[in-house]
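The block underneath contains the structure these notes are about, expressed in C-alpha cells.
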Amino acid sequence: MPYHLHFGEADPLRIRFAISPLWETQSAVRVLARPGQQKYHLPWLRRIAKAARGLDLAPLQLLMPLRGHSPDCLYPPPLRPSGDFAEEIAAVRATDPAVAAADFARALADTPGAAGSAEGRRILADPAASLARLADLLERAWAVLVEPEWPRLRALLEADVAYHSRRLAEGGLERLLDELHPAFGWSEETGTLVVDYRGEHVRALDGQGLVLLPSVFIWPEVVSGFDPPWQPTVAYPARGIGGLWTEPRERTPDALARLLGRARADVLCALDEPAGTSALAHRLGLAPSSVSAHLSVLRAAGLLTSRRYGHQVLYERTPLGIALAVSQQDDD
C-alpha cells in the first residue's frame, strides 16, 4: 500500500532538503545485510570488507525489518541542511527511553521471531541501555563504513540537492516530485504526495513541511514513514550513483587528455554531477589550488559554469563541456 502525505496550505513553503551522515551510516549497515543492493557498491564493499568483519552489526540489523517499521529514534531527520554526525548521534543518545522502547518494540514485531530472540529480549528489557549500546555501534559503523568515504558521498549528495533545488525553483513542487523518483505521485486535487512503497502510512504534515533526504545507499528505493514527534521525511536515491565509485581517471579518454592535458581533462570528466573545488581535489588526489586553476581555465573556455550553493561554489559542465566529454568517450 502507498504512503500518503497530506499537505496543508503552508506545507509547500516549508519543504527543505537535508543531508545526513547518520542516515547514510544506517543505510550502509542495511546494504551489508541485503545482497540485492550490494552489486551497486562493490568497490566500496571490497574496501571496507576487512574492517567490517570486526563489527557486530547484528543488533542494528535485527531492528531493520525487510518490510515494516524501523526505529526512527536511531536515525531521526536532520535538523540542519547539512548534518554533522556528532550532533546527530548526540540527538539519538538524548532520546526519551520510553520513546525508544516503543520504537524498538514496533520494529522487532515486524520481523517474525525477533522480539523473542536473545538479542530482542535484551533490547526490550532495558531500552535506555540498549539505546546507548546501539548508538555506540552506530558510531563504530560510521567510523569504519562511511567516514573514510564521506567527502566523496557528501559531494554527490550536495550536487543532488543543488540540482533539485534549482528544479524546484524553475518548475515548482509538482514538477520536482515527478522528477525525484518514479514512486512519487502528486495529487493536485487533494494536495497529497503519494509514495509507492512497501507498507501503509498516512500522515498530515500539519504545517511542519517535508524533509527531502537524498541518499546513496538506499538506491533504487525510497523510504518514508516517519511518525510524530519526528518531522515528516522522505529519503530518495541521489542522482549519479552509477559513477560514484568510479575513479575519475578511469573515465578520462586519452584523446581528451591529449587535447586538454591529463589533469584538466580529469577535472572535466569528474564533473558528471556538480561539485566544488575541495571535493574534486579529494577525488582526484590533487591540490585544491591546482584544481581551482584548472576550473578557472575550463570555465573561461566555456566548458564549465559555476554557481554558489551555501558556503561553496559548485561547478558543472556546460552543454559544450558535456558534448566534448561525451564525444571523446564515444570516440574511444
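Letters for chains follow the order of the C-alpha cells (A, B, ...), residue numbers begin at 1 for each chain, and ligand numbers begin at 1 in the order shown.
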Selection: 8 Å around Ala159 of chain A, only C-alpha atoms, excl. self and same-chain fewer than 4 positions, as a PyMOL selection string: chain A and resi 155+163+273-275+314
Just the residues within 12 Å of Glu139 of chain A, please, counting only C-alpha atoms, with nothing from its chain fewer than 2 positions along; format it as a JSON list (two decimals) with all heavy atoms, in the first residue's frame.
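Printed below is part00.json as written:
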[["chain", "number", "residue", "atom", "x", "y", "z"],
["A", 21, "PRO", "N", 24.74, 12.33, 7.53],
["A", 21, "PRO", "CA", 25.72, 11.24, 7.64],
["A", 21, "PRO", "C", 25.21, 10.08, 8.49],
["A", 21, "PRO", "O", 25.58, 8.93, 8.25],
["A", 21, "PRO", "CB", 26.94, 11.91, 8.28],
["A", 21, "PRO", "CG", 26.43, 13.19, 8.87],
["A", 21, "PRO", "CD", 25.26, 13.60, 8.05],
["A", 22, "LEU", "N", 24.36, 10.36, 9.48],
["A", 22, "LEU", "CA", 23.79, 9.28, 10.28],
["A", 22, "LEU", "C", 22.88, 8.40, 9.43],
["A", 22, "LEU", "O", 22.90, 7.17, 9.54],
["A", 22, "LEU", "CB", 23.01, 9.87, 11.46],
["A", 22, "LEU", "CG", 22.29, 8.86, 12.37],
["A", 22, "LEU", "CD1", 23.27, 7.88, 12.98],
["A", 22, "LEU", "CD2", 21.50, 9.59, 13.46],
["A", 23, "TRP", "N", 22.07, 9.04, 8.57],
["A", 23, "TRP", "CA", 21.20, 8.26, 7.70],
["A", 23, "TRP", "C", 22.02, 7.38, 6.76],
["A", 23, "TRP", "O", 21.71, 6.20, 6.54],
["A", 23, "TRP", "CB", 20.29, 9.18, 6.90],
["A", 23, "TRP", "CG", 19.43, 8.42, 5.94],
["A", 23, "TRP", "CD1", 19.71, 8.12, 4.64],
["A", 23, "TRP", "CD2", 18.16, 7.81, 6.21],
["A", 23, "TRP", "NE1", 18.70, 7.37, 4.09],
["A", 23, "TRP", "CE2", 17.74, 7.16, 5.03],
["A", 23, "TRP", "CE3", 17.34, 7.77, 7.35],
["A", 23, "TRP", "CZ2", 16.54, 6.48, 4.94],
["A", 23, "TRP", "CZ3", 16.14, 7.09, 7.26],
["A", 23, "TRP", "CH2", 15.75, 6.44, 6.08],
["A", 25, "THR", "N", 24.90, 6.19, 7.34],
["A", 25, "THR", "CA", 25.51, 5.11, 8.12],
["A", 25, "THR", "C", 24.55, 3.95, 8.30],
["A", 25, "THR", "O", 24.90, 2.79, 8.06],
["A", 25, "THR", "CB", 25.96, 5.65, 9.49],
["A", 25, "THR", "OG1", 26.93, 6.69, 9.29],
["A", 25, "THR", "CG2", 26.58, 4.55, 10.33],
["A", 26, "GLN", "N", 23.31, 4.24, 8.72],
["A", 26, "GLN", "CA", 22.37, 3.13, 8.91],
["A", 26, "GLN", "C", 22.03, 2.49, 7.56],
["A", 26, "GLN", "O", 21.80, 1.27, 7.49],
["A", 26, "GLN", "CB", 21.12, 3.59, 9.65],
["A", 26, "GLN", "CG", 20.23, 4.58, 8.92],
["A", 26, "GLN", "CD", 19.23, 3.92, 8.00],
["A", 26, "GLN", "OE1", 18.88, 2.76, 8.18],
["A", 26, "GLN", "NE2", 18.77, 4.67, 7.00],
["A", 29, "VAL", "N", 24.74, 0.05, 6.75],
["A", 29, "VAL", "CA", 24.55, -1.17, 7.54],
["A", 29, "VAL", "C", 23.51, -2.07, 6.87],
["A", 29, "VAL", "O", 23.66, -3.30, 6.81],
["A", 29, "VAL", "CB", 24.13, -0.83, 8.98],
["A", 29, "VAL", "CG1", 23.72, -2.09, 9.75],
["A", 29, "VAL", "CG2", 25.26, -0.11, 9.71],
["A", 55, "LEU", "N", 33.03, -5.62, 13.02],
["A", 55, "LEU", "CA", 31.83, -5.01, 13.58],
["A", 55, "LEU", "C", 30.76, -6.06, 13.80],
["A", 55, "LEU", "O", 30.51, -6.89, 12.93],
["A", 55, "LEU", "CB", 31.27, -3.95, 12.61],
["A", 55, "LEU", "CG", 32.08, -2.69, 12.38],
["A", 55, "LEU", "CD1", 31.44, -1.86, 11.27],
["A", 55, "LEU", "CD2", 32.18, -1.86, 13.65],
["A", 57, "LEU", "N", 27.22, -6.13, 13.70],
["A", 57, "LEU", "CA", 26.09, -5.31, 13.28],
["A", 57, "LEU", "C", 24.74, -5.97, 13.54],
["A", 57, "LEU", "O", 23.70, -5.38, 13.24],
["A", 57, "LEU", "CB", 26.22, -4.98, 11.79],
["A", 57, "LEU", "CG", 27.47, -4.19, 11.39],
["A", 57, "LEU", "CD1", 27.56, -4.07, 9.87],
["A", 57, "LEU", "CD2", 27.47, -2.82, 12.05],
["A", 60, "LEU", "N", 21.84, -3.97, 15.31],
["A", 60, "LEU", "CA", 21.22, -2.96, 14.45],
["A", 60, "LEU", "C", 20.37, -3.61, 13.37],
["A", 60, "LEU", "O", 19.25, -3.18, 13.09],
["A", 60, "LEU", "CB", 22.30, -2.09, 13.82],
["A", 60, "LEU", "CG", 22.97, -1.04, 14.70],
["A", 60, "LEU", "CD1", 24.14, -0.40, 13.96],
["A", 60, "LEU", "CD2", 21.97, 0.03, 15.13],
["A", 74, "LEU", "N", 16.67, 6.03, 16.08],
["A", 74, "LEU", "CA", 18.07, 5.74, 15.81],
["A", 74, "LEU", "C", 18.63, 6.56, 14.65],
["A", 74, "LEU", "O", 19.84, 6.68, 14.49],
["A", 74, "LEU", "CB", 18.25, 4.24, 15.50],
["A", 74, "LEU", "CG", 18.06, 3.29, 16.68],
["A", 74, "LEU", "CD1", 18.28, 1.85, 16.22],
["A", 74, "LEU", "CD2", 18.99, 3.64, 17.83],
["A", 75, "TYR", "N", 17.78, 7.09, 13.80],
["A", 75, "TYR", "CA", 18.23, 7.94, 12.70],
["A", 75, "TYR", "C", 17.15, 8.93, 12.35],
["A", 75, "TYR", "O", 16.53, 8.84, 11.29],
["A", 75, "TYR", "CB", 18.63, 7.10, 11.47],
["A", 75, "TYR", "CG", 18.09, 5.70, 11.46],
["A", 75, "TYR", "CD1", 16.85, 5.40, 10.91],
["A", 75, "TYR", "CD2", 18.83, 4.67, 12.03],
["A", 75, "TYR", "CE1", 16.36, 4.12, 10.92],
["A", 75, "TYR", "CE2", 18.35, 3.38, 12.04],
["A", 75, "TYR", "CZ", 17.10, 3.10, 11.48],
["A", 75, "TYR", "OH", 16.62, 1.82, 11.49],
["A", 85, "PHE", "N", 27.68, 14.41, 12.01],
["A", 85, "PHE", "CA", 27.44, 13.13, 12.66],
["A", 85, "PHE", "C", 27.46, 13.24, 14.18],
["A", 85, "PHE", "O", 26.61, 12.64, 14.85],
["A", 85, "PHE", "CB", 28.46, 12.08, 12.21],
["A", 85, "PHE", "CG", 28.17, 10.71, 12.79],
["A", 85, "PHE", "CD1", 27.26, 9.87, 12.17],
["A", 85, "PHE", "CD2", 28.77, 10.29, 13.96],
["A", 85, "PHE", "CE1", 26.95, 8.63, 12.71],
["A", 85, "PHE", "CE2", 28.48, 9.05, 14.52],
["A", 85, "PHE", "CZ", 27.57, 8.21, 13.89],
["A", 86, "ALA", "N", 28.38, 14.01, 14.72],
["A", 86, "ALA", "CA", 28.47, 14.13, 16.18],
["A", 86, "ALA", "C", 27.18, 14.72, 16.76],
["A", 86, "ALA", "O", 26.68, 14.25, 17.79],
["A", 86, "ALA", "CB", 29.67, 15.00, 16.56],
["A", 87, "GLU", "N", 26.62, 15.72, 16.09],
["A", 87, "GLU", "CA", 25.36, 16.30, 16.56],
["A", 87, "GLU", "C", 24.21, 15.31, 16.42],
["A", 87, "GLU", "O", 23.36, 15.21, 17.31],
["A", 87, "GLU", "CB", 25.05, 17.57, 15.76],
["A", 87, "GLU", "CG", 25.99, 18.72, 16.03],
["A", 87, "GLU", "CD", 25.62, 19.95, 15.22],
["A", 87, "GLU", "OE1", 24.62, 19.89, 14.46],
["A", 87, "GLU", "OE2", 26.32, 20.98, 15.36],
["A", 88, "GLU", "N", 24.21, 14.59, 15.32],
["A", 88, "GLU", "CA", 23.11, 13.65, 15.09],
["A", 88, "GLU", "C", 23.13, 12.51, 16.09],
["A", 88, "GLU", "O", 22.09, 12.10, 16.61],
["A", 88, "GLU", "CB", 23.18, 13.11, 13.66],
["A", 88, "GLU", "CG", 22.84, 14.15, 12.61],
["A", 88, "GLU", "CD", 22.76, 13.55, 11.22],
["A", 88, "GLU", "OE1", 23.76, 12.95, 10.77],
["A", 88, "GLU", "OE2", 21.69, 13.64, 10.60],
["A", 89, "ILE", "N", 24.29, 11.96, 16.37],
["A", 89, "ILE", "CA", 24.35, 10.84, 17.31],
["A", 89, "ILE", "C", 24.08, 11.32, 18.73],
["A", 89, "ILE", "O", 23.52, 10.58, 19.56],
["A", 89, "ILE", "CB", 25.71, 10.10, 17.21],
["A", 89, "ILE", "CG1", 25.56, 8.67, 17.75],
["A", 89, "ILE", "CG2", 26.81, 10.84, 17.92],
["A", 89, "ILE", "CD1", 24.68, 7.77, 16.93],
["A", 90, "ALA", "N", 24.42, 12.57, 19.04],
["A", 90, "ALA", "CA", 24.08, 13.13, 20.35],
["A", 90, "ALA", "C", 22.57, 13.21, 20.51],
["A", 90, "ALA", "O", 22.03, 12.96, 21.60],
["A", 90, "ALA", "CB", 24.72, 14.51, 20.52],
["A", 92, "VAL", "N", 20.42, 11.21, 19.09],
["A", 92, "VAL", "CA", 19.98, 9.82, 19.33],
["A", 92, "VAL", "C", 20.13, 9.47, 20.80],
["A", 92, "VAL", "O", 19.22, 8.93, 21.43],
["A", 92, "VAL", "CB", 20.78, 8.85, 18.45],
["A", 92, "VAL", "CG1", 20.48, 7.39, 18.85],
["A", 92, "VAL", "CG2", 20.46, 9.07, 16.98],
["A", 93, "ARG", "N", 21.27, 9.78, 21.37],
["A", 93, "ARG", "CA", 21.52, 9.45, 22.78],
["A", 93, "ARG", "C", 20.56, 10.18, 23.72],
["A", 93, "ARG", "O", 20.29, 9.70, 24.82],
["A", 93, "ARG", "CB", 22.96, 9.79, 23.15],
["A", 93, "ARG", "CG", 24.00, 8.94, 22.42],
["A", 93, "ARG", "CD", 25.41, 9.25, 22.92],
["A", 93, "ARG", "NE", 26.42, 8.55, 22.16],
["A", 93, "ARG", "CZ", 26.76, 7.27, 22.32],
["A", 93, "ARG", "NH1", 26.13, 6.56, 23.25],
["A", 93, "ARG", "NH2", 27.68, 6.72, 21.58],
["A", 132, "ALA", "N", 21.86, 3.36, 24.31],
["A", 132, "ALA", "CA", 23.27, 3.74, 24.41],
["A", 132, "ALA", "C", 24.16, 2.76, 23.66],
["A", 132, "ALA", "O", 25.10, 3.16, 22.95],
["A", 132, "ALA", "CB", 23.68, 3.80, 25.87],
["A", 133, "ARG", "N", 23.86, 1.47, 23.76],
["A", 133, "ARG", "CA", 24.67, 0.45, 23.09],
["A", 133, "ARG", "C", 24.53, 0.55, 21.57],
["A", 133, "ARG", "O", 25.51, 0.44, 20.83],
["A", 133, "ARG", "CB", 24.23, -0.92, 23.58],
["A", 133, "ARG", "CG", 25.00, -2.09, 23.04],
["A", 133, "ARG", "CD", 24.75, -3.34, 23.88],
["A", 133, "ARG", "NE", 23.33, -3.64, 23.95],
["A", 133, "ARG", "CZ", 22.69, -4.47, 23.11],
["A", 133, "ARG", "NH1", 23.36, -5.06, 22.14],
["A", 133, "ARG", "NH2", 21.41, -4.72, 23.26],
["A", 134, "LEU", "N", 23.32, 0.78, 21.09],
["A", 134, "LEU", "CA", 23.09, 0.90, 19.66],
["A", 134, "LEU", "C", 23.72, 2.18, 19.10],
["A", 134, "LEU", "O", 24.24, 2.20, 17.98],
["A", 134, "LEU", "CB", 21.60, 0.86, 19.37],
["A", 134, "LEU", "CG", 20.92, -0.49, 19.63],
["A", 134, "LEU", "CD1", 19.40, -0.34, 19.67],
["A", 134, "LEU", "CD2", 21.32, -1.52, 18.58],
["A", 135, "ALA", "N", 23.70, 3.25, 19.89],
["A", 135, "ALA", "CA", 24.35, 4.49, 19.47],
["A", 135, "ALA", "C", 25.86, 4.27, 19.36],
["A", 135, "ALA", "O", 26.51, 4.77, 18.42],
["A", 135, "ALA", "CB", 24.04, 5.61, 20.44],
["A", 136, "ASP", "N", 26.44, 3.53, 20.31],
["A", 136, "ASP", "CA", 27.87, 3.21, 20.23],
["A", 136, "ASP", "C", 28.17, 2.43, 18.96],
["A", 136, "ASP", "O", 29.18, 2.69, 18.28],
["A", 136, "ASP", "CB", 28.29, 2.37, 21.44],
["A", 136, "ASP", "CG", 28.34, 3.17, 22.74],
["A", 136, "ASP", "OD1", 28.36, 4.41, 22.68],
["A", 136, "ASP", "OD2", 28.35, 2.53, 23.81],
["A", 137, "LEU", "N", 27.30, 1.49, 18.62],
["A", 137, "LEU", "CA", 27.51, 0.68, 17.43],
["A", 137, "LEU", "C", 27.38, 1.51, 16.16],
["A", 137, "LEU", "O", 28.14, 1.34, 15.20],
["A", 137, "LEU", "CB", 26.52, -0.48, 17.42],
["A", 137, "LEU", "CG", 26.67, -1.51, 16.29],
["A", 137, "LEU", "CD1", 28.10, -2.01, 16.18],
["A", 137, "LEU", "CD2", 25.72, -2.67, 16.50],
["A", 141, "ALA", "N", 30.16, 2.02, 13.29],
["A", 141, "ALA", "CA", 29.82, 1.79, 11.88],
["A", 141, "ALA", "C", 30.16, 3.03, 11.05],
["A", 141, "ALA", "O", 30.67, 2.91, 9.92],
["A", 141, "ALA", "CB", 28.34, 1.44, 11.75],
["A", 142, "TRP", "N", 29.87, 4.21, 11.56],
["A", 142, "TRP", "CA", 30.22, 5.45, 10.87],
["A", 142, "TRP", "C", 31.72, 5.51, 10.61],
["A", 142, "TRP", "O", 32.17, 5.79, 9.49],
["A", 142, "TRP", "CB", 29.77, 6.65, 11.70],
["A", 142, "TRP", "CG", 30.49, 7.94, 11.44],
["A", 142, "TRP", "CD1", 31.41, 8.53, 12.25],
["A", 142, "TRP", "CD2", 30.35, 8.82, 10.30],
["A", 142, "TRP", "NE1", 31.85, 9.71, 11.69],
["A", 142, "TRP", "CE2", 31.22, 9.91, 10.50],
["A", 142, "TRP", "CE3", 29.58, 8.77, 9.14],
["A", 142, "TRP", "CZ2", 31.34, 10.95, 9.59],
["A", 142, "TRP", "CZ3", 29.70, 9.82, 8.22],
["A", 142, "TRP", "CH2", 30.57, 10.89, 8.44],
["A", 143, "ALA", "N", 32.52, 5.24, 11.66],
["A", 143, "ALA", "CA", 33.97, 5.37, 11.55],
["A", 143, "ALA", "C", 34.55, 4.37, 10.54],
["A", 143, "ALA", "O", 35.52, 4.69, 9.83],
["A", 143, "ALA", "CB", 34.62, 5.17, 12.91],
["A", 144, "VAL", "N", 33.96, 3.19, 10.45],
["A", 144, "VAL", "CA", 34.51, 2.13, 9.60],
["A", 144, "VAL", "C", 33.93, 2.16, 8.18],
["A", 144, "VAL", "O", 34.66, 2.05, 7.20],
["A", 144, "VAL", "CB", 34.25, 0.75, 10.24],
["A", 144, "VAL", "CG1", 34.59, -0.37, 9.28],
["A", 144, "VAL", "CG2", 35.06, 0.61, 11.52],
["A", 145, "LEU", "N", 32.62, 2.33, 8.08],
["A", 145, "LEU", "CA", 31.93, 2.14, 6.81],
["A", 145, "LEU", "C", 31.80, 3.42, 5.98],
["A", 145, "LEU", "O", 31.86, 3.36, 4.75],
["A", 145, "LEU", "CB", 30.53, 1.57, 7.05],
["A", 145, "LEU", "CG", 30.43, 0.27, 7.84],
["A", 145, "LEU", "CD1", 28.96, -0.12, 8.00],
["A", 145, "LEU", "CD2", 31.22, -0.84, 7.19],
["A", 146, "VAL", "N", 31.57, 4.56, 6.64],
["A", 146, "VAL", "CA", 31.15, 5.75, 5.91],
["A", 146, "VAL", "C", 32.15, 6.90, 6.00],
["A", 146, "VAL", "O", 32.43, 7.56, 5.00],
["A", 146, "VAL", "CB", 29.76, 6.22, 6.42],
["A", 146, "VAL", "CG1", 29.32, 7.50, 5.70],
["A", 146, "VAL", "CG2", 28.72, 5.11, 6.21],
["A", 147, "GLU", "N", 32.68, 7.17, 7.18],
["A", 147, "GLU", "CA", 33.53, 8.35, 7.35],
["A", 147, "GLU", "C", 34.70, 8.41, 6.37],
["A", 147, "GLU", "O", 34.99, 9.48, 5.82],
["A", 147, "GLU", "CB", 34.04, 8.44, 8.79],
["A", 147, "GLU", "CG", 34.77, 9.74, 9.09],
["A", 147, "GLU", "CD", 35.19, 9.86, 10.53],
["A", 147, "GLU", "OE1", 35.25, 8.82, 11.23],
["A", 147, "GLU", "OE2", 35.46, 11.00, 10.97]]
Can you pull out every residue within 12 Å of Pro12 of chain A, counting only C-alpha atoms, but drop anything in the same chain fewer than 3 positions away, and send it as a ChimeraX atom specification? /A:5-9,15-16,168,172-174,176-177,188,191-193,205-211
All strand (DSSP E or B) residues (DSSP, backbone) inside segment 168-282 of chain A, as a ChimeraX atom specification: /A:184-187,192-195,201-204,210-215,223,233-237,275
Leaving out His201 of chain A and any residue of its chain fewer than 3 positions from it, which residues lie within 8 Å of it when counting only C-alpha atoms, given as a PyMOL selection string? chain A and resi 2-4+225
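With only C-alpha atoms as the atoms that count, the minimum distance from Arg299 of chain A to the choices A:His282, A:Ala51, A:Leu180, A:Leu320 is reached by A:Leu320.
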Test item, alpha helix (DSSP H) assignment across segment 141-267 of chain A, answer as a short mmCIF file (atom, residue, chain, number, x, y, z; two decimals) with N, CA and C atoms, in the first residue's frame:
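states33.cif, freshly written:
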data_model
loop_
_atom_site.label_atom_id
_atom_site.label_comp_id
_atom_site.auth_asym_id
_atom_site.auth_seq_id
_atom_site.Cartn_x
_atom_site.Cartn_y
_atom_site.Cartn_z
N ALA A 141 30.16 2.02 13.29
CA ALA A 141 29.82 1.79 11.88
C ALA A 141 30.16 3.03 11.05
N TRP A 150 33.29 9.79 3.24
CA TRP A 150 32.31 10.86 3.36
C TRP A 150 32.56 12.03 2.41
N PRO A 151 33.79 12.49 2.17
CA PRO A 151 33.95 13.59 1.20
C PRO A 151 33.37 13.25 -0.17
N ARG A 152 33.56 12.02 -0.63
CA ARG A 152 33.01 11.59 -1.91
C ARG A 152 31.49 11.54 -1.86
N LEU A 153 30.95 10.95 -0.78
CA LEU A 153 29.50 10.82 -0.65
C LEU A 153 28.84 12.19 -0.49
N ARG A 154 29.43 13.05 0.34
CA ARG A 154 28.86 14.37 0.57
C ARG A 154 28.82 15.18 -0.72
N ALA A 155 29.88 15.07 -1.52
CA ALA A 155 29.92 15.81 -2.78
C ALA A 155 28.78 15.39 -3.69
N LEU A 156 28.50 14.08 -3.76
CA LEU A 156 27.41 13.61 -4.60
C LEU A 156 26.07 14.07 -4.05
N LEU A 157 25.89 14.00 -2.74
CA LEU A 157 24.63 14.40 -2.12
C LEU A 157 24.40 15.91 -2.28
N GLU A 158 25.44 16.70 -2.09
CA GLU A 158 25.30 18.15 -2.26
C GLU A 158 24.98 18.50 -3.71
N ALA A 159 25.57 17.77 -4.64
CA ALA A 159 25.25 18.02 -6.05
C ALA A 159 23.79 17.70 -6.34
N ASP A 160 23.29 16.64 -5.74
CA ASP A 160 21.88 16.29 -5.93
C ASP A 160 20.97 17.38 -5.37
N VAL A 161 21.28 17.87 -4.19
CA VAL A 161 20.47 18.93 -3.58
C VAL A 161 20.50 20.19 -4.44
N ALA A 162 21.68 20.55 -4.93
CA ALA A 162 21.79 21.75 -5.77
C ALA A 162 20.95 21.60 -7.03
N TYR A 163 21.01 20.44 -7.65
CA TYR A 163 20.25 20.21 -8.88
C TYR A 163 18.75 20.30 -8.62
N HIS A 164 18.27 19.60 -7.61
CA HIS A 164 16.83 19.56 -7.37
C HIS A 164 16.31 20.87 -6.79
N SER A 165 17.14 21.59 -6.06
CA SER A 165 16.72 22.91 -5.58
C SER A 165 16.46 23.84 -6.76
N ARG A 166 17.32 23.75 -7.76
CA ARG A 166 17.12 24.57 -8.96
C ARG A 166 15.86 24.13 -9.71
N ARG A 167 15.61 22.82 -9.77
CA ARG A 167 14.42 22.33 -10.45
C ARG A 167 13.15 22.78 -9.73
N LEU A 168 13.21 22.83 -8.40
CA LEU A 168 12.07 23.32 -7.63
C LEU A 168 11.81 24.79 -7.96
N ALA A 169 12.89 25.57 -8.03
CA ALA A 169 12.73 26.99 -8.33
C ALA A 169 12.20 27.21 -9.74
N GLU A 170 12.60 26.36 -10.67
CA GLU A 170 12.21 26.52 -12.07
C GLU A 170 10.80 26.00 -12.37
N GLY A 171 10.44 24.88 -11.75
CA GLY A 171 9.20 24.22 -12.16
C GLY A 171 8.17 24.02 -11.09
N GLY A 172 8.49 24.35 -9.83
CA GLY A 172 7.52 24.19 -8.77
C GLY A 172 7.51 22.80 -8.16
N LEU A 173 6.65 22.63 -7.16
CA LEU A 173 6.63 21.41 -6.36
C LEU A 173 6.24 20.19 -7.18
N GLU A 174 5.18 20.31 -7.99
CA GLU A 174 4.70 19.14 -8.73
C GLU A 174 5.78 18.60 -9.66
N ARG A 175 6.44 19.48 -10.36
CA ARG A 175 7.49 19.05 -11.28
C ARG A 175 8.65 18.40 -10.52
N LEU A 176 9.02 18.99 -9.39
CA LEU A 176 10.10 18.42 -8.59
C LEU A 176 9.77 17.00 -8.17
N LEU A 177 8.59 16.80 -7.60
CA LEU A 177 8.23 15.48 -7.09
C LEU A 177 8.13 14.46 -8.21
N ASP A 178 7.66 14.88 -9.36
CA ASP A 178 7.59 13.97 -10.50
C ASP A 178 8.97 13.49 -10.93
N GLU A 179 9.98 14.35 -10.75
CA GLU A 179 11.32 14.03 -11.22
C GLU A 179 12.16 13.30 -10.17
N LEU A 180 11.81 13.42 -8.90
CA LEU A 180 12.65 12.84 -7.87
C LEU A 180 12.74 11.33 -7.98
N ASP A 254 41.81 9.08 -23.55
CA ASP A 254 43.17 9.52 -23.88
C ASP A 254 43.16 10.70 -24.85
N ALA A 255 42.20 10.67 -25.78
CA ALA A 255 42.15 11.77 -26.77
C ALA A 255 41.86 13.10 -26.10
N LEU A 256 40.98 13.08 -25.11
CA LEU A 256 40.66 14.31 -24.39
C LEU A 256 41.84 14.77 -23.55
N ALA A 257 42.57 13.81 -22.97
CA ALA A 257 43.76 14.16 -22.19
C ALA A 257 44.82 14.81 -23.07
N ARG A 258 44.96 14.31 -24.30
CA ARG A 258 45.94 14.93 -25.21
C ARG A 258 45.50 16.33 -25.61
N LEU A 259 44.19 16.54 -25.70
CA LEU A 259 43.67 17.84 -26.12
C LEU A 259 43.81 18.89 -25.02
N LEU A 260 43.43 18.52 -23.80
CA LEU A 260 43.36 19.50 -22.70
C LEU A 260 44.51 19.38 -21.70
N ARG A 262 46.24 16.05 -19.17
CA ARG A 262 45.63 15.00 -18.35
C ARG A 262 44.87 15.54 -17.14
N ALA A 263 45.46 16.39 -16.35
CA ALA A 263 44.82 16.88 -15.13
C ALA A 263 43.55 17.67 -15.45
N ARG A 264 43.64 18.53 -16.46
CA ARG A 264 42.48 19.35 -16.80
C ARG A 264 41.34 18.49 -17.36
N ALA A 265 41.69 17.48 -18.16
CA ALA A 265 40.68 16.57 -18.68
C ALA A 265 40.05 15.74 -17.56
N ASP A 266 40.87 15.35 -16.56
CA ASP A 266 40.32 14.62 -15.41
C ASP A 266 39.29 15.46 -14.67
N VAL A 267 39.59 16.74 -14.51
CA VAL A 267 38.64 17.63 -13.83
C VAL A 267 37.33 17.71 -14.61
#
Write out as a tab-separated table the residues of segment 190-228 of chain A that have any atom within 12 Å of an atom of segment 32-37 of chain A, one row each with the nearest atom pair and its distance in Å to one decimal, counting only C-alpha atoms, sorted by chain and then rising number.
residue	atom	partner	partner_atom	distance
A:Val216	CA	A:Gln37	CA	11.1
A:Phe217	CA	A:Gln37	CA	8.1
A:Ile218	CA	A:Gln37	CA	8.0
A:Trp219	CA	A:Gln37	CA	7.6
A:Pro220	CA	A:Gln37	CA	8.4
A:Glu221	CA	A:Gln37	CA	9.9
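Relative to atom CA of Ala91 of chain A, atom CA of Asp126 of chain A is found at 19.0 Å.
Candidate residues A:Pro228, A:Pro253, A:Val194, A:Val313 were compared for distance to Leu280 of chain A, and the nearest is A:Val313, using only C-alpha atoms.
If you look at atom CA of Ile322 of chain A and atom CA of Leu303 of chain A, they are 7.7 Å away from each other.
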